[in-house]
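Pasted below: data_24.cif, mmCIF, C-alpha atoms.
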```cif
data_work
#
loop_
_atom_site.label_atom_id
_atom_site.label_comp_id
_atom_site.auth_asym_id
_atom_site.auth_seq_id
_atom_site.Cartn_x
_atom_site.Cartn_y
_atom_site.Cartn_z
CA MET A 5 11.32 31.50 14.95
CA GLN A 6 12.81 28.30 13.62
CA ARG A 7 12.42 24.66 14.54
CA VAL A 8 15.87 23.13 14.72
CA PRO A 9 17.08 19.55 15.32
CA LEU A 10 18.85 19.51 18.68
CA ASP A 11 22.16 18.48 17.06
CA LEU A 12 22.29 21.79 15.24
CA VAL A 13 21.43 24.00 18.22
CA LYS A 14 24.38 26.08 19.46
CA PRO A 15 24.82 27.58 22.91
CA GLY A 16 23.45 31.11 23.03
CA MET A 17 20.36 30.43 20.95
CA VAL A 18 17.14 31.58 22.61
CA LEU A 19 14.02 29.44 22.95
CA ALA A 20 10.95 30.76 21.13
CA LYS A 21 8.76 28.00 22.62
CA PRO A 22 9.08 26.00 25.83
CA ILE A 23 10.60 22.51 25.64
CA LEU A 24 8.20 19.88 26.92
CA ASN A 25 9.13 16.45 28.23
CA GLU A 26 7.34 13.11 27.68
CA LYS A 27 4.57 14.08 30.04
CA GLY A 28 4.26 17.53 28.57
CA MET A 29 5.93 19.26 31.51
CA ALA A 30 8.00 22.30 30.59
CA LEU A 31 11.72 21.49 30.92
CA CYS A 32 12.77 24.91 29.82
CA GLY A 33 10.72 28.03 29.31
CA GLU A 34 10.25 30.37 26.39
CA GLY A 35 12.95 33.06 26.26
CA ALA A 36 15.60 30.91 27.96
CA GLU A 37 19.10 31.15 26.51
CA LEU A 38 20.47 27.66 25.91
CA SER A 39 23.85 26.85 27.45
CA ALA A 40 26.19 24.01 26.49
CA ALA A 41 25.32 22.20 29.74
CA MET A 42 21.60 22.51 29.06
CA LEU A 43 22.02 21.17 25.53
CA GLU A 44 23.90 18.19 26.91
CA ARG A 45 21.11 17.50 29.38
CA LEU A 46 18.41 17.85 26.69
CA LYS A 47 20.27 15.32 24.53
CA ARG A 48 20.20 12.81 27.36
CA MET A 49 16.46 13.42 27.75
CA ASP A 50 15.85 12.41 24.14
CA VAL A 51 14.64 15.84 23.06
CA SER A 52 14.95 15.85 19.27
CA PHE A 53 13.75 19.31 18.21
CA VAL A 54 13.57 22.75 19.77
CA THR A 55 12.11 26.02 18.52
CA VAL A 56 14.47 28.96 18.76
CA LYS A 57 14.10 32.65 18.06
CA GLY A 58 15.17 34.11 14.76
CA HIS A 59 16.36 31.97 11.88
CA PRO A 60 19.88 31.02 12.98
CA VAL A 61 20.40 27.69 11.16
CA ASP A 62 20.63 27.04 7.44
CA LEU A 63 18.97 23.64 7.11
CA GLY A 64 20.01 23.34 3.45
CA VAL A 65 17.72 21.23 1.29
CA GLU A 66 14.89 21.18 3.83
CA GLU A 67 14.44 24.90 3.55
CA LYS A 68 11.91 25.93 0.96
CA SER A 69 11.38 29.45 -0.28
CA LYS A 70 8.00 31.01 0.34
CA GLU A 71 7.40 30.97 -3.41
CA GLN A 72 8.01 27.22 -3.46
CA LEU A 73 5.69 26.65 -0.50
CA LEU A 74 3.05 28.80 -2.15
CA ALA A 75 3.30 26.99 -5.48
CA GLU A 76 3.09 23.58 -3.78
CA MET A 77 0.07 24.66 -1.78
CA GLN A 78 -1.69 25.99 -4.89
CA GLY A 79 -0.89 22.75 -6.73
CA ARG A 80 -2.92 20.77 -4.18
CA PHE A 81 -6.04 22.69 -5.25
CA ILE A 82 -6.08 21.38 -8.86
CA HIS A 83 -9.28 19.39 -8.38
CA VAL A 84 -11.23 22.33 -6.97
CA GLU A 85 -10.16 25.16 -9.27
CA GLY A 86 -12.83 27.80 -9.74
CA ASP A 87 -14.89 26.82 -6.70
CA PRO A 88 -15.64 30.12 -4.93
CA ILE A 89 -15.09 28.89 -1.33
CA MET A 90 -11.94 26.96 -2.23
CA GLU A 91 -10.51 29.97 -4.06
CA LEU A 92 -11.06 32.09 -0.94
CA ILE A 93 -9.26 29.52 1.22
CA LYS A 94 -6.39 29.16 -1.25
CA ALA A 95 -5.87 32.92 -1.38
CA SER A 96 -6.04 33.22 2.40
CA ILE A 97 -3.53 30.40 3.04
CA GLY A 98 -1.30 31.98 0.39
CA ARG A 99 -1.25 35.24 2.36
CA ALA A 100 -0.53 33.35 5.58
CA ILE A 101 2.45 31.57 3.99
CA MET A 102 3.88 34.77 2.55
CA SER A 103 3.59 36.80 5.74
CA ALA A 104 4.94 34.09 8.07
CA GLN A 105 8.02 33.52 5.96
CA GLU A 106 8.88 37.21 5.94
CA GLU A 107 8.74 37.36 9.73
CA GLY A 108 11.13 34.41 10.03
CA VAL A 109 13.71 36.08 7.84
CA GLU A 110 13.43 39.52 9.34
CA THR A 111 13.70 38.60 13.02
CA PRO A 112 17.28 39.00 14.24
CA SER A 113 18.73 35.75 15.60
CA HIS A 114 18.93 36.96 19.17
CA GLY A 115 15.68 38.94 19.03
CA MET B 24 -28.29 -4.23 -3.55
CA GLY B 25 -29.04 -1.52 -1.00
CA LYS B 26 -26.31 0.48 0.63
CA GLU B 27 -26.84 -1.13 4.03
CA GLN B 28 -26.55 -4.59 2.54
CA HIS B 29 -23.50 -3.58 0.57
CA ILE B 30 -21.74 -2.33 3.70
CA LYS B 31 -22.67 -5.61 5.37
CA SER B 32 -21.22 -7.63 2.51
CA ILE B 33 -17.95 -5.67 2.69
CA THR B 34 -17.62 -5.82 6.44
CA LYS B 35 -18.31 -9.57 6.30
CA LYS B 36 -15.02 -9.90 4.43
CA ILE B 37 -13.27 -8.30 7.37
CA GLN B 38 -11.54 -11.07 9.27
CA GLY B 39 -11.42 -9.94 12.85
CA LEU B 40 -11.08 -6.35 13.91
CA PRO B 41 -7.74 -4.76 14.59
CA THR B 42 -6.96 -5.90 18.10
CA LEU B 43 -7.19 -3.24 20.72
CA PRO B 44 -5.38 -3.46 24.02
CA HIS B 45 -7.32 -5.30 26.66
CA VAL B 46 -7.58 -2.05 28.57
CA VAL B 47 -9.67 -0.42 25.83
CA GLU B 48 -12.36 -3.08 26.04
CA LYS B 49 -12.48 -2.83 29.80
CA LEU B 50 -12.56 0.93 29.50
CA THR B 51 -15.74 0.82 27.43
CA LYS B 52 -17.53 -1.02 30.22
CA VAL B 53 -16.16 1.13 33.00
CA VAL B 54 -16.95 4.40 31.22
CA GLU B 55 -20.53 3.31 30.59
CA SER B 56 -21.21 2.65 34.24
CA PRO B 57 -22.59 5.77 35.89
CA GLU B 58 -20.86 4.79 39.12
CA SER B 59 -17.33 4.93 37.71
CA THR B 60 -15.13 7.68 39.02
CA ALA B 61 -12.36 9.51 37.21
CA LYS B 62 -9.93 7.89 39.61
CA GLU B 63 -11.02 4.36 38.69
CA VAL B 64 -10.84 5.03 34.97
CA GLY B 65 -7.46 6.71 35.40
CA LYS B 66 -6.15 3.71 37.30
CA LEU B 67 -7.36 1.35 34.59
CA ILE B 68 -5.63 3.29 31.79
CA ALA B 69 -2.45 3.69 33.80
CA SER B 70 -2.33 -0.11 34.32
CA ASP B 71 -1.05 -0.33 30.73
CA GLN B 72 2.11 1.70 31.16
CA VAL B 73 2.89 2.30 27.52
CA LEU B 74 -0.66 3.33 26.77
CA GLY B 75 -0.83 5.47 29.90
CA ALA B 76 2.31 7.36 28.87
CA LYS B 77 0.96 7.96 25.38
CA VAL B 78 -2.35 9.23 26.71
CA LEU B 79 -0.57 11.67 29.03
CA LYS B 80 1.61 12.84 26.18
CA LEU B 81 -1.40 13.43 23.93
CA VAL B 82 -3.51 15.27 26.48
CA ASN B 83 -0.53 17.48 27.31
CA SER B 84 0.23 18.21 23.67
CA PRO B 85 -0.60 21.69 22.47
CA PHE B 86 -3.65 20.22 20.68
CA TYR B 87 -5.85 20.21 23.74
CA GLY B 88 -4.88 23.58 25.10
CA PHE B 89 -3.41 22.42 28.42
CA PRO B 90 0.25 22.00 27.45
CA GLY B 91 2.31 20.67 30.30
CA ARG B 92 -0.39 21.02 32.89
CA ILE B 93 -1.93 17.58 33.20
CA SER B 94 0.03 15.37 35.53
CA SER B 95 -2.23 12.34 35.86
CA ILE B 96 -4.81 10.55 33.79
CA SER B 97 -7.54 11.10 36.35
CA HIS B 98 -6.77 14.82 36.17
CA ALA B 99 -7.07 14.58 32.37
CA ILE B 100 -10.47 12.92 32.69
CA ILE B 101 -11.76 15.68 34.94
CA LEU B 102 -10.53 18.39 32.56
CA LEU B 103 -11.41 16.76 29.25
CA GLY B 104 -14.24 14.36 30.00
CA PHE B 105 -14.76 10.65 29.38
CA ASN B 106 -15.50 10.98 25.66
CA VAL B 107 -12.23 12.72 24.93
CA ILE B 108 -10.26 10.27 27.05
CA LYS B 109 -11.87 7.32 25.32
CA GLY B 110 -11.03 8.82 21.93
CA VAL B 111 -7.48 9.61 23.02
CA VAL B 112 -6.97 6.08 24.36
CA LEU B 113 -8.23 4.69 21.07
CA SER B 114 -6.02 7.05 19.08
CA ALA B 115 -2.99 6.09 21.15
CA SER B 116 -3.89 2.41 20.66
CA VAL B 117 -4.26 2.63 16.88
CA PHE B 118 -1.25 4.91 16.49
CA ASP B 119 1.13 2.08 15.55
CA LEU B 120 -1.46 0.61 13.23
CA MET B 121 -1.96 3.99 11.60
CA GLU B 122 1.75 4.58 11.16
CA ARG B 123 2.16 1.20 9.53
CA SER B 124 -0.96 1.48 7.39
CA MET B 125 -0.24 4.61 5.47
CA VAL B 126 2.84 6.73 5.93
CA GLY B 127 1.67 10.18 6.93
CA LEU B 128 -1.87 9.23 7.99
CA TRP B 129 -1.11 9.79 11.66
CA GLU B 130 0.32 13.21 10.91
CA HIS B 131 -2.69 14.04 8.74
CA SER B 132 -4.98 12.96 11.58
CA LEU B 133 -3.10 15.03 14.17
CA GLY B 134 -3.13 18.01 11.80
CA CYS B 135 -6.84 17.58 11.34
CA ALA B 136 -7.36 17.40 15.12
CA VAL B 137 -5.43 20.63 15.63
CA THR B 138 -7.24 22.44 12.82
CA ALA B 139 -10.67 21.22 13.95
CA GLY B 140 -9.96 22.38 17.50
CA THR B 141 -8.84 25.79 16.30
CA ILE B 142 -11.93 26.24 14.12
CA ALA B 143 -14.27 25.02 16.87
CA ARG B 144 -12.79 27.46 19.42
CA ARG B 145 -12.90 30.31 16.94
CA LEU B 146 -16.58 29.61 16.25
CA GLY B 147 -17.27 29.28 19.97
CA LEU B 148 -18.65 25.74 19.65
CA ALA B 149 -19.15 23.63 22.75
CA GLU B 150 -16.62 20.93 23.67
CA PRO B 151 -13.86 21.71 21.16
CA GLU B 152 -11.74 18.91 22.66
CA GLU B 153 -14.34 16.35 21.61
CA ILE B 154 -14.40 17.78 18.10
CA SER B 155 -10.59 17.48 17.98
CA THR B 156 -10.83 13.89 19.12
CA ALA B 157 -13.37 13.05 16.41
CA ALA B 158 -10.98 14.62 13.89
CA LEU B 159 -8.12 12.54 15.26
CA LEU B 160 -10.12 9.40 14.45
CA HIS B 161 -11.89 10.57 11.28
CA ASP B 162 -9.89 8.37 8.86
CA ILE B 163 -9.99 5.25 10.99
CA GLY B 164 -11.83 3.52 8.12
CA LYS B 165 -8.68 3.80 6.00
CA VAL B 166 -6.75 1.89 8.65
CA LEU B 167 -9.34 -0.87 8.57
CA ILE B 168 -9.19 -1.09 4.76
CA LYS B 169 -5.41 -1.45 4.92
CA VAL B 170 -5.40 -3.94 7.76
CA SER B 171 -8.42 -6.08 6.93
CA LEU B 172 -9.03 -5.63 3.18
CA SER B 173 -5.42 -5.42 2.06
CA ASP B 174 -5.97 -6.70 -1.51
CA ASP B 175 -8.61 -4.06 -2.08
CA TYR B 176 -6.31 -1.50 -0.49
CA GLU B 177 -3.59 -2.26 -3.03
CA LYS B 178 -6.14 -1.87 -5.85
CA ILE B 179 -7.26 1.48 -4.44
CA VAL B 180 -3.68 2.76 -4.29
CA ARG B 181 -3.17 1.72 -7.91
CA VAL B 182 -6.35 3.49 -9.03
CA VAL B 183 -5.20 6.70 -7.28
CA GLU B 184 -1.82 6.51 -9.03
CA LYS B 185 -3.18 5.64 -12.45
CA GLU B 186 -6.27 7.79 -12.65
CA LYS B 187 -5.16 10.68 -10.44
CA VAL B 188 -8.43 10.54 -8.52
CA SER B 189 -8.86 11.02 -4.79
CA PHE B 190 -8.36 8.06 -2.48
CA ARG B 191 -12.05 8.26 -1.60
CA ASP B 192 -13.18 8.11 -5.25
CA ALA B 193 -10.87 5.14 -5.74
CA GLU B 194 -12.40 3.44 -2.67
CA VAL B 195 -15.86 3.85 -4.14
CA SER B 196 -14.78 2.46 -7.51
CA VAL B 197 -13.08 -0.57 -5.91
CA LEU B 198 -15.32 -1.28 -2.89
CA GLY B 199 -18.53 0.55 -3.69
CA ILE B 200 -18.30 2.33 -0.32
CA ASP B 201 -15.82 4.75 1.22
CA HIS B 202 -13.71 4.88 4.40
CA ALA B 203 -16.27 7.10 6.14
CA GLU B 204 -18.88 4.36 5.88
CA ILE B 205 -16.38 1.73 6.96
CA GLY B 206 -15.20 3.99 9.79
CA SER B 207 -18.77 4.48 10.88
CA TRP B 208 -19.30 0.74 11.02
CA LEU B 209 -16.06 0.25 12.98
CA SER B 210 -16.83 2.98 15.48
CA ASN B 211 -20.18 1.34 16.16
CA GLU B 212 -18.41 -2.00 16.66
CA TRP B 213 -16.12 -0.24 19.12
CA ASN B 214 -19.10 1.35 20.89
CA LEU B 215 -17.82 4.87 20.45
CA PRO B 216 -20.15 7.65 21.56
CA GLU B 217 -22.28 9.35 18.93
CA LYS B 218 -20.26 12.54 19.31
CA LEU B 219 -17.33 10.70 17.75
CA THR B 220 -19.24 8.30 15.49
CA ILE B 221 -21.26 10.93 13.63
CA PRO B 222 -18.34 13.17 12.60
CA ILE B 223 -16.41 10.04 11.53
CA ALA B 224 -19.36 8.81 9.46
CA PHE B 225 -20.19 12.18 7.89
CA HIS B 226 -16.83 13.90 7.49
CA HIS B 227 -17.24 13.86 3.70
CA THR B 228 -20.99 14.47 3.67
CA PRO B 229 -21.76 16.68 6.68
CA GLU B 230 -24.92 17.96 5.00
CA ASN B 231 -26.42 14.47 5.33
CA THR B 232 -26.52 14.28 9.11
CA LEU B 233 -29.36 15.83 11.05
CA ARG B 234 -27.62 15.49 14.40
CA LEU B 235 -24.29 16.99 15.42
CA LYS B 236 -24.05 18.64 12.01
CA ASP B 237 -21.74 21.35 13.36
CA ARG B 238 -19.21 18.75 14.52
CA ALA B 239 -19.29 16.83 11.24
CA ALA B 240 -18.93 20.13 9.35
CA VAL B 241 -15.90 21.24 11.39
CA VAL B 242 -14.11 17.92 10.83
CA HIS B 243 -14.98 18.10 7.13
CA ILE B 244 -13.53 21.60 6.76
CA ALA B 245 -10.49 20.78 8.91
CA ASP B 246 -9.72 17.76 6.70
CA SER B 247 -9.56 19.97 3.62
CA ILE B 248 -7.53 22.74 5.25
CA THR B 249 -5.00 20.25 6.70
CA ARG B 250 -4.51 18.89 3.21
CA ALA B 251 -4.13 22.41 1.85
CA PHE B 252 -1.27 23.06 4.26
CA GLY B 253 0.32 19.78 3.14
CA ILE B 254 0.40 18.23 6.61
CA GLY B 255 0.72 14.44 6.49
CA PHE B 256 -0.79 12.21 3.84
CA GLY B 257 -4.35 10.89 3.56
CA GLY B 258 -3.93 8.65 0.53
CA ASP B 259 -3.68 11.35 -2.13
CA PRO B 260 -2.16 14.84 -2.12
CA TRP B 261 -5.19 16.87 -3.17
CA VAL B 262 -7.47 19.29 -1.39
CA GLN B 263 -11.08 18.18 -1.55
CA LYS B 264 -14.01 20.47 -2.10
CA ILE B 265 -15.63 21.84 1.03
CA SER B 266 -19.39 21.43 1.01
CA ASP B 267 -21.13 24.79 0.53
CA ALA B 268 -23.85 23.64 2.91
CA ALA B 269 -21.32 22.86 5.68
CA TRP B 270 -19.52 26.17 5.16
CA ASN B 271 -22.74 28.16 5.34
CA TYR B 272 -24.15 26.13 8.21
CA LEU B 273 -21.20 27.13 10.39
CA GLY B 274 -21.39 30.74 9.23
CA MET B 275 -17.82 30.56 7.94
CA GLU B 276 -18.51 33.37 5.44
CA LYS B 277 -18.61 35.76 8.41
CA GLU B 278 -15.20 34.68 9.71
CA ASP B 279 -11.97 36.60 9.17
CA LEU B 280 -10.37 33.87 7.05
CA ASP B 281 -6.90 35.44 7.01
CA ALA B 282 -6.79 35.54 10.81
CA LEU B 283 -8.07 31.96 11.03
CA MET B 284 -5.55 30.59 8.51
CA GLN B 285 -2.67 32.31 10.30
CA LEU B 286 -3.79 30.81 13.56
CA ILE B 287 -4.08 27.34 12.02
CA MET B 288 -0.67 27.63 10.39
CA ILE B 289 0.96 28.45 13.72
CA ASP B 290 -0.85 25.59 15.48
CA LEU B 291 0.10 23.14 12.74
CA GLU B 292 3.80 23.83 13.33
CA ASP B 293 3.57 21.75 16.48
CA VAL B 294 2.31 18.72 14.57
CA SER B 295 5.46 18.01 12.61
CA THR B 296 7.58 17.68 15.73
CA PHE B 297 5.12 15.86 17.97
CA ARG B 298 6.51 12.40 18.74
CA PHE B 299 5.18 9.53 20.76
#
```
Written as structure tokens, that's how I'd like the structure from this file.
Amino acid sequence: MQRVPLDLVKPGMVLAKPILNEKGMALCGEGAELSAAMLERLKRMDVSFVTVKGHPVDLGVEEKSKEQLLAEMQGRFIHVEGDPIMELIKASIGRAIMSAQEEGVETPSHG
Amino acid sequence: MGKEQHIKSITKKIQGLPTLPHVVEKLTKVVESPESTAKEVGKLIASDQVLGAKVLKLVNSPFYGFPGRISSISHAIILLGFNVIKGVVLSASVFDLMERSMVGLWEHSLGCAVTAGTIARRLGLAEPEEISTAALLHDIGKVLIKVSLSDDYEKIVRVVEKEKVSFRDAEVSVLGIDHAEIGSWLSNEWNLPEKLTIPIAFHHTPENTLRLKDRAAVVHIADSITRAFGIGFGGDPWVQKISDAAWNYLGMEKEDLDALMQLIMIDLEDVSTFRF
């Protein structure tokens, strides 16, 4: 799944998470295919982001490779290098980052 | 000079507390009265429309596990309890202050609330919503330093930049005390319940509290993990060491860490797009 600014959402994309309004009420459920009319309505409701299935939009500079994310995460551990618990956590988060990224790339955009 | 006296001498410098909406002060009194009903408290919060809307938005956020299902504040009180509502009202009230104090602190706090809730549920601890709420407020002391001790705040920021130490170490070198101690003092001034005050006071030293140690330990661990994922900004970019005692106390060594981290990562995705 991918979180996409509403401006970049195209009709036909499928919601991977429900869209919630100000009060947290679901405006649109998971699995719904977005139509042009719905997108127009969401714009008027000040919705700024939606989460869609697959990885349909190239966000350019904002996109980071999993290797980049991993290296940045590891860099934040510089003050706790060698601490057994912190090493366990670092390794575990590293595996989470690597596996999540692969899923995002592999899922077909209308999956 | 003893620690207590030192804290007193610092807090003496604080000129007036950050002002809270009138409703929050009233709320404290109403919540303390055993005769208050959820309906009365709900009505009071809703009388400040902006605050009421923020509270509804927060309680319906994915962080509390009832997304989209709470339609009124009195309903929220019944589901989440007075302590959570009080914490949420405070969080919503200090949100603007937090945003202005330190860019990214609000996001760090939300991330910490999400992570703490996920850990608490995973461990099967009681009242995970209250633990989340304590995590949401854990760095409130940093807000007070920025707002009320702004010269010292600037010094602290410079020490972090120059010496590459944590914000907390820089606080201790400039002020002699840290934001947890200042936060503890503030939460007492605000008459917060112990269930929020203790995790705020001990989120860096959970081994030092005898009471509510599990809650302090969860907030402590969540703080570190939120930093590890790079969510928000708490004054410096580094992950801080998790106390061995806190880790062992919660029995974290028995947990499936990979499963937990995956869960936290998914939950944290909601933080970056949550808007008031």
**Prompt:** Got a sec to resolve the PyMOL selection byres ((chain A) within 7 of (chain B)) on this structure and send the residues as JSON, numbers by chain?
**Reply:** {"A": [24, 26, 27, 28, 29, 30, 53, 77, 80, 81, 84, 90, 96, 97, 100]}
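When CA of Glu37 (chain A) is paired with CA of Leu19 (chain A), their separation reads 6.4 Å.
Here CA of Leu50 (chain B) and CA of Phe118 (chain B) stand 17.7 Å from one another.
Reported to one decimal place, the separation of CA of Ala95 (chain A) from CA of Lys70 (chain A) is 14.1 Å.
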Determine the residue membership of the PyMOL selection byres ((chain A and resi 38-52) around 7) for the file above and supply it as a tab-separated table (two decimals) with C-alpha atoms, in the coordinates of the input.
```
chain	number	residue	atom	x	y	z
A	9	PRO	CA	17.08	19.55	15.32
A	10	LEU	CA	18.85	19.51	18.68
A	15	PRO	CA	24.82	27.58	22.91
A	16	GLY	CA	23.45	31.11	23.03
A	17	MET	CA	20.36	30.43	20.95
A	18	VAL	CA	17.14	31.58	22.61
A	36	ALA	CA	15.60	30.91	27.96
A	37	GLU	CA	19.10	31.15	26.51
A	53	PHE	CA	13.75	19.31	18.21
```
**Request:** With the file shown as input, list the residues that the PyMOL selection byres ((chain A and resi 7) around 7) selects, as a VMD selection string.
**Result:** chain A and resid 5 to 6 8 to 9 53 to 56
**Request:** With a distance cut-off of 12 Å and all atoms listed in the file, select the neighbouring residues of Glu278 (chain B), excluding the residue or stretch itself and same-chain residues fewer than 6 positions from it, and output the selection as JSON, numbers by chain.
**Result:** {"A": [92, 93, 96], "B": [142, 145, 146, 147, 270, 271, 284]}
Could you turn the residues from that selection into a file that holds C-alpha atoms, as a compact mmCIF listing (two decimals), in the frame of the given file?
```txt
# COMPACT_ATOMS: atom_id res chain seq x y z
CA LEU A 92 -11.06 32.09 -0.94
CA ILE A 93 -9.26 29.52 1.22
CA SER A 96 -6.04 33.22 2.40
CA ILE B 142 -11.93 26.24 14.12
CA ARG B 145 -12.90 30.31 16.94
CA LEU B 146 -16.58 29.61 16.25
CA GLY B 147 -17.27 29.28 19.97
CA TRP B 270 -19.52 26.17 5.16
CA ASN B 271 -22.74 28.16 5.34
CA MET B 284 -5.55 30.59 8.51
```
**Request:** Find the residues near region 170-183 of chain B: any atom within 12 Å, counting only C-alpha atoms, skip ones fewer than 6 places away on the same chain, and give them as a PyMOL selection string.
**Result:** chain B and resi 33-42+117+119-125+163-164+189-202+205+209+257-261
Those residues you just picked out, can you put them in a file as a JSON list (two decimals), in the coordinates of the input with C-alpha atoms?
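For reference, selection17.json as written:
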```json
[["chain", "number", "residue", "atom", "x", "y", "z"],
["B", 33, "ILE", "CA", -17.95, -5.67, 2.69],
["B", 34, "THR", "CA", -17.62, -5.82, 6.44],
["B", 35, "LYS", "CA", -18.31, -9.57, 6.30],
["B", 36, "LYS", "CA", -15.02, -9.90, 4.43],
["B", 37, "ILE", "CA", -13.27, -8.30, 7.37],
["B", 38, "GLN", "CA", -11.54, -11.07, 9.27],
["B", 39, "GLY", "CA", -11.42, -9.94, 12.85],
["B", 40, "LEU", "CA", -11.08, -6.35, 13.91],
["B", 41, "PRO", "CA", -7.74, -4.76, 14.59],
["B", 42, "THR", "CA", -6.96, -5.90, 18.10],
["B", 117, "VAL", "CA", -4.26, 2.63, 16.88],
["B", 119, "ASP", "CA", 1.13, 2.08, 15.55],
["B", 120, "LEU", "CA", -1.46, 0.61, 13.23],
["B", 121, "MET", "CA", -1.96, 3.99, 11.60],
["B", 122, "GLU", "CA", 1.75, 4.58, 11.16],
["B", 123, "ARG", "CA", 2.16, 1.20, 9.53],
["B", 124, "SER", "CA", -0.96, 1.48, 7.39],
["B", 125, "MET", "CA", -0.24, 4.61, 5.47],
["B", 163, "ILE", "CA", -9.99, 5.25, 10.99],
["B", 164, "GLY", "CA", -11.83, 3.52, 8.12],
["B", 189, "SER", "CA", -8.86, 11.02, -4.79],
["B", 190, "PHE", "CA", -8.36, 8.06, -2.48],
["B", 191, "ARG", "CA", -12.05, 8.26, -1.60],
["B", 192, "ASP", "CA", -13.18, 8.11, -5.25],
["B", 193, "ALA", "CA", -10.87, 5.14, -5.74],
["B", 194, "GLU", "CA", -12.40, 3.44, -2.67],
["B", 195, "VAL", "CA", -15.86, 3.85, -4.14],
["B", 196, "SER", "CA", -14.78, 2.46, -7.51],
["B", 197, "VAL", "CA", -13.08, -0.57, -5.91],
["B", 198, "LEU", "CA", -15.32, -1.28, -2.89],
["B", 199, "GLY", "CA", -18.53, 0.55, -3.69],
["B", 200, "ILE", "CA", -18.30, 2.33, -0.32],
["B", 201, "ASP", "CA", -15.82, 4.75, 1.22],
["B", 202, "HIS", "CA", -13.71, 4.88, 4.40],
["B", 205, "ILE", "CA", -16.38, 1.73, 6.96],
["B", 209, "LEU", "CA", -16.06, 0.25, 12.98],
["B", 257, "GLY", "CA", -4.35, 10.89, 3.56],
["B", 258, "GLY", "CA", -3.93, 8.65, 0.53],
["B", 259, "ASP", "CA", -3.68, 11.35, -2.13],
["B", 260, "PRO", "CA", -2.16, 14.84, -2.12],
["B", 261, "TRP", "CA", -5.19, 16.87, -3.17]]
```
Around all the atoms of region 85-96 of chain A listed in the file, with 4 Å of room on each side, what axis-aligned box do you get, giving centre and edge lengths in Å to one decimal, as JSON?
```
{"center_x": -10.8, "center_y": 29.2, "center_z": -3.7, "size_x": 17.8, "size_y": 16.1, "size_z": 20.1}
```
**Request:** Please provide as number ranges by chain all residues within 12 Å of Ser70 (chain B), with the sequence filter that same-chain residues fewer than 6 positions apart are discarded (counting only C-alpha atoms).
**Result:** B: 44-47, 49-50, 63-64, 76, 96
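Nearest-residue note for Glu150 (chain B): choosing from B:Leu102, B:Leu233, B:Ile30, B:Ala224, the minimum distance belongs to B:Leu102, counting all atoms listed in the file.
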**Prompt:** Between B:Glu186, B:Asp246, B:Asp71, B:Glu27, which is the closest to Ser207 (chain B) once you count only C-alpha atoms?
**Reply:** B:Glu27
**Request:** Tell me, as a PyMOL selection string, which residues lie within 12 Å of Pro216 (chain B), counting all atoms listed in the file; anything in the same chain fewer than 2 positions away does not count.
**Result:** chain B and resi 51+54-55+105-110+153+156-157+207+210-214+218-223+235
